[in-house]
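What's in work.txt: compact mmCIF, C-alpha atoms
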```txt
# COMPACT_ATOMS: atom_id res chain seq x y z
CA GLY J 212 -9.18 10.40 -1.88
CA ALA J 213 -7.80 7.18 -3.27
CA VAL J 214 -4.73 5.94 -1.41
CA VAL J 215 -1.96 3.72 -2.69
CA SER J 216 0.57 2.42 -0.20
CA GLN J 217 4.03 1.44 -1.41
CA HIS J 218 6.54 -0.30 0.81
CA PRO J 219 9.41 -0.04 1.55
CA SER J 220 10.16 3.61 0.87
CA ARG J 221 13.92 3.14 0.92
CA VAL J 222 16.18 0.15 0.35
CA ILE J 223 19.94 -0.04 0.47
CA CYS J 224 21.47 -3.42 -0.22
CA LYS J 225 24.44 -5.22 -1.66
CA SER J 226 24.84 -6.20 -5.28
CA GLY J 227 23.31 -9.59 -6.00
CA THR J 228 20.46 -9.20 -3.53
CA SER J 229 16.84 -9.59 -4.61
CA VAL J 230 14.49 -6.83 -3.47
CA LYS J 231 10.71 -7.02 -3.20
CA ILE J 232 8.51 -3.93 -3.38
CA GLU J 233 4.82 -4.00 -2.47
CA CYS J 234 2.05 -1.81 -3.82
CA ARG J 235 -1.39 -1.80 -2.21
CA SER J 236 -4.57 0.08 -3.06
CA LEU J 237 -6.09 0.80 0.35
CA ASP J 238 -9.62 1.98 -0.38
CA PHE J 239 -10.41 0.87 -3.91
CA GLN J 240 -10.04 -2.14 -6.14
CA ALA J 241 -7.44 -2.06 -8.87
CA THR J 242 -7.58 -4.67 -11.58
CA THR J 243 -4.66 -2.90 -13.21
CA MET J 244 -1.49 -1.62 -11.57
CA PHE J 245 1.55 -0.07 -13.19
CA TRP J 246 5.22 -0.03 -12.31
CA TYR J 247 7.36 2.94 -13.28
CA ARG J 248 10.96 3.91 -12.96
CA GLN J 249 11.96 7.54 -12.61
CA PHE J 250 15.40 9.04 -13.06
CA PRO J 251 16.31 12.44 -11.58
CA LYS J 252 14.58 15.31 -13.37
CA GLN J 253 13.04 12.88 -15.84
CA SER J 254 9.49 11.77 -16.39
CA LEU J 255 8.03 8.45 -15.42
CA MET J 256 9.18 5.51 -17.50
CA LEU J 257 6.60 2.76 -17.65
CA MET J 258 8.18 -0.63 -16.99
CA ALA J 259 5.19 -2.94 -16.96
CA THR J 260 1.44 -3.21 -16.63
CA SER J 261 0.16 -5.66 -14.08
CA ASN J 262 -3.31 -7.18 -14.40
CA GLU J 263 -4.87 -9.08 -11.54
CA GLY J 264 -4.76 -12.81 -12.10
CA SER J 265 -2.73 -12.71 -15.30
CA LYS J 266 0.83 -12.21 -16.48
CA ALA J 267 2.27 -8.73 -16.55
CA THR J 268 2.87 -6.93 -19.82
CA TYR J 269 6.40 -5.54 -20.03
CA GLU J 270 7.50 -2.52 -22.04
CA GLN J 271 10.17 -2.93 -24.66
CA GLY J 272 13.63 -3.19 -23.18
CA VAL J 273 12.47 -4.25 -19.71
CA GLU J 274 13.70 -7.71 -18.73
CA LYS J 275 10.83 -9.75 -17.35
CA ASP J 276 13.18 -12.20 -15.66
CA LYS J 277 14.92 -9.32 -13.94
CA PHE J 278 11.80 -7.52 -12.79
CA LEU J 279 9.28 -10.08 -11.57
CA ILE J 280 5.74 -8.82 -11.13
CA ASN J 281 2.94 -10.55 -9.29
CA HIS J 282 -0.63 -9.23 -9.01
CA ALA J 283 -2.37 -11.87 -6.95
CA SER J 284 -5.30 -9.81 -5.67
CA LEU J 285 -7.34 -6.71 -6.55
CA THR J 286 -5.40 -4.65 -4.02
CA LEU J 287 -1.83 -5.93 -4.15
CA SER J 288 0.93 -6.04 -6.73
CA THR J 289 4.59 -6.79 -6.05
CA LEU J 290 7.75 -6.03 -7.99
CA THR J 291 10.84 -8.12 -7.28
CA VAL J 292 14.16 -6.89 -8.59
CA THR J 293 16.19 -10.08 -8.86
CA SER J 294 19.95 -10.15 -8.39
CA ALA J 295 20.07 -6.37 -8.27
CA HIS J 296 23.13 -4.51 -9.52
CA PRO J 297 24.20 -0.86 -9.12
CA GLU J 298 22.64 0.05 -12.47
CA ASP J 299 19.26 -0.97 -11.04
CA SER J 300 19.50 1.83 -8.50
CA SER J 301 16.57 4.15 -9.13
CA PHE J 302 13.25 5.47 -7.88
CA TYR J 303 10.51 2.90 -8.49
CA ILE J 304 6.89 4.04 -8.34
CA CYS J 305 3.73 2.00 -8.58
CA SER J 306 0.28 3.20 -9.48
CA ALA J 307 -3.15 1.64 -9.34
CA ARG J 308 -6.02 2.34 -11.66
CA ASP J 309 -9.36 2.80 -9.97
CA SER J 310 -11.70 0.45 -11.77
CA THR J 311 -14.71 2.75 -11.21
CA ASP J 312 -13.44 5.85 -13.05
CA GLY J 313 -10.12 4.90 -14.65
CA THR J 314 -8.09 7.44 -12.67
CA GLN J 315 -4.57 6.44 -11.78
CA HIS J 316 -3.21 6.90 -8.26
CA PHE J 317 0.41 6.62 -7.27
CA GLY J 318 2.32 5.28 -4.33
CA ASP J 319 5.08 7.35 -2.76
CA GLY J 320 7.82 5.40 -4.47
CA THR J 321 10.74 3.26 -3.38
CA ARG J 322 14.26 4.58 -3.59
CA LEU J 323 16.50 1.62 -4.32
CA SER J 324 20.25 1.90 -3.87
CA ILE J 325 22.46 -1.05 -4.77
CA LEU J 326 25.99 -0.88 -3.45
CA GLN D 138 8.76 14.50 -31.77
CA LYS D 139 7.55 13.16 -28.43
CA GLU D 140 3.86 12.48 -28.01
CA VAL D 141 3.68 14.89 -25.08
CA GLU D 142 5.92 17.94 -24.74
CA GLN D 143 6.36 19.78 -21.48
CA ASP D 144 8.95 22.41 -20.62
CA PRO D 145 10.96 21.15 -17.62
CA GLY D 146 11.61 24.67 -16.28
CA PRO D 147 12.34 25.56 -13.58
CA LEU D 148 9.65 28.18 -13.41
CA SER D 149 10.25 30.61 -10.56
CA VAL D 150 7.50 32.99 -9.43
CA PRO D 151 6.82 35.19 -6.40
CA GLU D 152 4.20 34.21 -3.87
CA GLY D 153 0.73 35.31 -4.94
CA ALA D 154 1.44 35.13 -8.68
CA ILE D 155 -0.76 33.36 -11.19
CA VAL D 156 1.09 30.38 -12.59
CA SER D 157 0.48 28.92 -16.03
CA LEU D 158 1.78 25.43 -16.81
CA ASN D 159 1.36 23.94 -20.26
CA CYS D 160 1.68 20.81 -22.35
CA THR D 161 1.33 20.17 -26.04
CA TYR D 162 0.62 16.84 -27.62
CA SER D 163 0.50 15.26 -31.05
CA ASN D 164 -1.93 12.35 -30.69
CA SER D 165 -5.42 13.52 -31.65
CA ALA D 166 -6.90 10.39 -30.04
CA PHE D 167 -6.21 11.70 -26.54
CA GLN D 168 -9.49 12.38 -24.73
CA TYR D 169 -8.58 12.28 -21.04
CA PHE D 170 -6.24 14.83 -19.56
CA MET D 171 -4.69 14.85 -16.12
CA TRP D 172 -2.41 17.00 -14.03
CA TYR D 173 -0.29 15.53 -11.27
CA ARG D 174 1.79 17.26 -8.60
CA GLN D 175 4.95 15.56 -7.42
CA TYR D 176 6.91 16.69 -4.39
CA SER D 177 10.54 15.70 -4.08
CA ARG D 178 11.00 12.02 -3.16
CA LYS D 179 7.26 11.37 -3.35
CA GLY D 180 4.92 9.79 -5.86
CA PRO D 181 2.73 11.97 -8.12
CA GLU D 182 -0.60 13.11 -6.70
CA LEU D 183 -3.61 13.51 -9.00
CA LEU D 184 -4.72 17.16 -9.03
CA MET D 185 -7.11 17.52 -11.93
CA TYR D 186 -8.83 15.16 -14.33
CA THR D 187 -10.73 16.38 -17.37
CA TYR D 188 -12.40 14.82 -20.33
CA SER D 189 -12.32 16.38 -23.81
CA SER D 190 -12.15 20.16 -24.28
CA GLY D 191 -13.11 22.90 -21.87
CA ASN D 192 -12.27 24.21 -18.42
CA LYS D 193 -12.45 22.67 -14.98
CA GLU D 194 -11.94 24.55 -11.76
CA ASP D 195 -11.06 23.23 -8.30
CA GLY D 196 -10.19 25.83 -5.70
CA ARG D 197 -7.10 27.72 -6.85
CA PHE D 198 -6.53 25.34 -9.75
CA THR D 199 -8.03 25.57 -13.24
CA ALA D 200 -7.38 23.02 -15.96
CA GLN D 201 -7.97 24.02 -19.55
CA VAL D 202 -8.01 21.79 -22.62
CA ASP D 203 -7.95 23.02 -26.22
CA LYS D 204 -8.15 19.94 -28.39
CA SER D 205 -8.12 21.94 -31.63
CA SER D 206 -4.66 23.24 -30.74
CA LYS D 207 -3.60 20.08 -28.89
CA TYR D 208 -2.71 22.24 -25.92
CA ILE D 209 -3.54 21.89 -22.24
CA SER D 210 -2.91 24.24 -19.36
CA LEU D 211 -3.01 24.28 -15.59
CA PHE D 212 -3.46 27.64 -13.89
CA ILE D 213 -2.68 28.18 -10.23
CA ARG D 214 -4.06 31.35 -8.65
CA ASP D 215 -2.58 33.01 -5.57
CA SER D 216 0.40 30.67 -5.67
CA GLN D 217 1.95 29.64 -2.36
CA PRO D 218 5.43 28.37 -1.45
CA SER D 219 3.76 25.03 -0.69
CA ASP D 220 2.87 24.80 -4.40
CA SER D 221 6.57 24.38 -5.18
CA ALA D 222 6.78 20.96 -6.81
CA THR D 223 7.03 19.28 -10.19
CA TYR D 224 3.80 19.27 -12.19
CA LEU D 225 3.27 16.49 -14.71
CA CYS D 226 0.64 16.43 -17.38
CA ALA D 227 -0.71 13.10 -18.56
CA MET D 228 -3.20 12.09 -21.20
CA SER D 229 -4.81 9.00 -22.66
CA ALA D 230 -7.19 7.93 -25.37
CA GLY D 231 -9.59 6.37 -22.90
CA GLY D 232 -10.09 5.33 -19.29
CA SER D 233 -8.70 1.89 -19.95
CA TYR D 234 -5.64 3.14 -21.78
CA ILE D 235 -2.24 3.72 -20.28
CA PRO D 236 -1.59 7.47 -19.89
CA THR D 237 1.35 9.15 -21.57
CA PHE D 238 3.20 11.51 -19.24
CA GLY D 239 5.05 14.71 -19.90
CA ARG D 240 8.47 15.07 -18.30
CA GLY D 241 7.16 17.54 -15.74
CA THR D 242 7.70 21.24 -15.03
CA SER D 243 9.52 22.23 -11.88
CA LEU D 244 7.75 25.14 -10.15
CA ILE D 245 9.35 27.26 -7.46
CA VAL D 246 7.20 29.76 -5.58
CA HIS D 247 9.38 32.02 -3.46
CA PRO D 248 8.10 34.05 -0.50
```
Please, can you express the file's structure as structure tokens?
Amino acid sequence: GAVVSQHPSRVICKSGTSVKIECRSLDFQATTMFWYRQFPKQSLMLMATSNEGSKATYEQGVEKDKFLINHASLTLSTLTVTSAHPEDSSFYICSARDSTDGTQHFGDGTRLSIL
Amino acid sequence: QKEVEQDPGPLSVPEGAIVSLNCTYSNSAFQYFMWYRQYSRKGPELLMYTYSSGNKEDGRFTAQVDKSSKYISLFIRDSQPSDSATYLCAMSAGGSYIPTFGRGTSLIVHP
């Protein structure tokens, strides 16, 4: 099946640090990737849609200068949380849409803890 | 009213039981329906993917869509403790659209 690799799986860092999360589709091309945030016992909250070669589209209320997204190739998108603060602590999950059938496949998430 | 409603549970069943998980929705434009399974501290895994109304079976899993009632179901036969997870429904108006997710139902299958 389609595999999406997300790295790192766990980050613990000090307030003010910038953190970069990578999302790779390993065996398919993904012109579109998505970044979600998930709080405990809550559903996925879409943060932004990332299209290869163009600027990301951010959902209402998501600061684009805070959450920088780059989608430079058909298999890689990155999310950088700039100057992270404790309120940014969360579970971040990426997904990639398979261009051939439109199905969406998820990475295993990154648990970010800002001290 | 949310676009997609899903009871968060938890739903606790004995091993071997038939499990029924459900979602209702309000947007009649939804055509594609998906079920994902999410284990703790992991990303969601696509289980079933159906288009329009009808049934689809894959092993112990059956997905059912009733567009007239705006109601979808996932049935799990002969449930196992390893099926314990959160199950999220998702749906979209088309393959190029962004899916809308339910909040997930926590399932516990006890031995």
Exercise. Output as JSON, numbers by chain the set of chain D residues within 6 Å of chain J, with distances taken over only C-alpha atoms.
Key: {"D": [179, 180, 181, 232, 240]}
Enclose all atoms of stretch 213-220 of chain J listed in the file in an axis-aligned box, grow every side by 3 Å, and hand back centre and edge lengths in Å to one decimal, as AutoDock Vina command-line options.
```
--center_x 1.2 --center_y 3.4 --center_z -0.9 --size_x 24.0 --size_y 13.5 --size_z 10.8
```
Practice problem: Show which residues sit within 8 Å of D:Lys204, as a PyMOL selection string. Count only C-alpha atoms, and ignore same-chain residues fewer than 3 positions away. | Solution: chain D and resi 165+189-190+207-209
Exercise. Considering only C-alpha atoms, return as number ranges by chain whatever protein or nucleic-acid residues lie within 8 Å of D:Met185, sequence-local ones (same chain, fewer than 5 positions apart) excluded.
Key: D: 171-173, 195, 200
Practice problem: Give me the residues within 6 Å of D:Tyr169 as a list in words, counting all atoms listed in the file and dropping any in the same chain fewer than 5 places off. | Solution: Thr187, Tyr188, Met228 and Ser229 of chain D
Quiz item: What does the distance from atom CA of J:Val273 to atom CA of J:Ser288 come to in Å, to one decimal?
Solution: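 Straight-line distance from atom CA of J:Val273 to atom CA of J:Ser288 works out to 17.5 Å.
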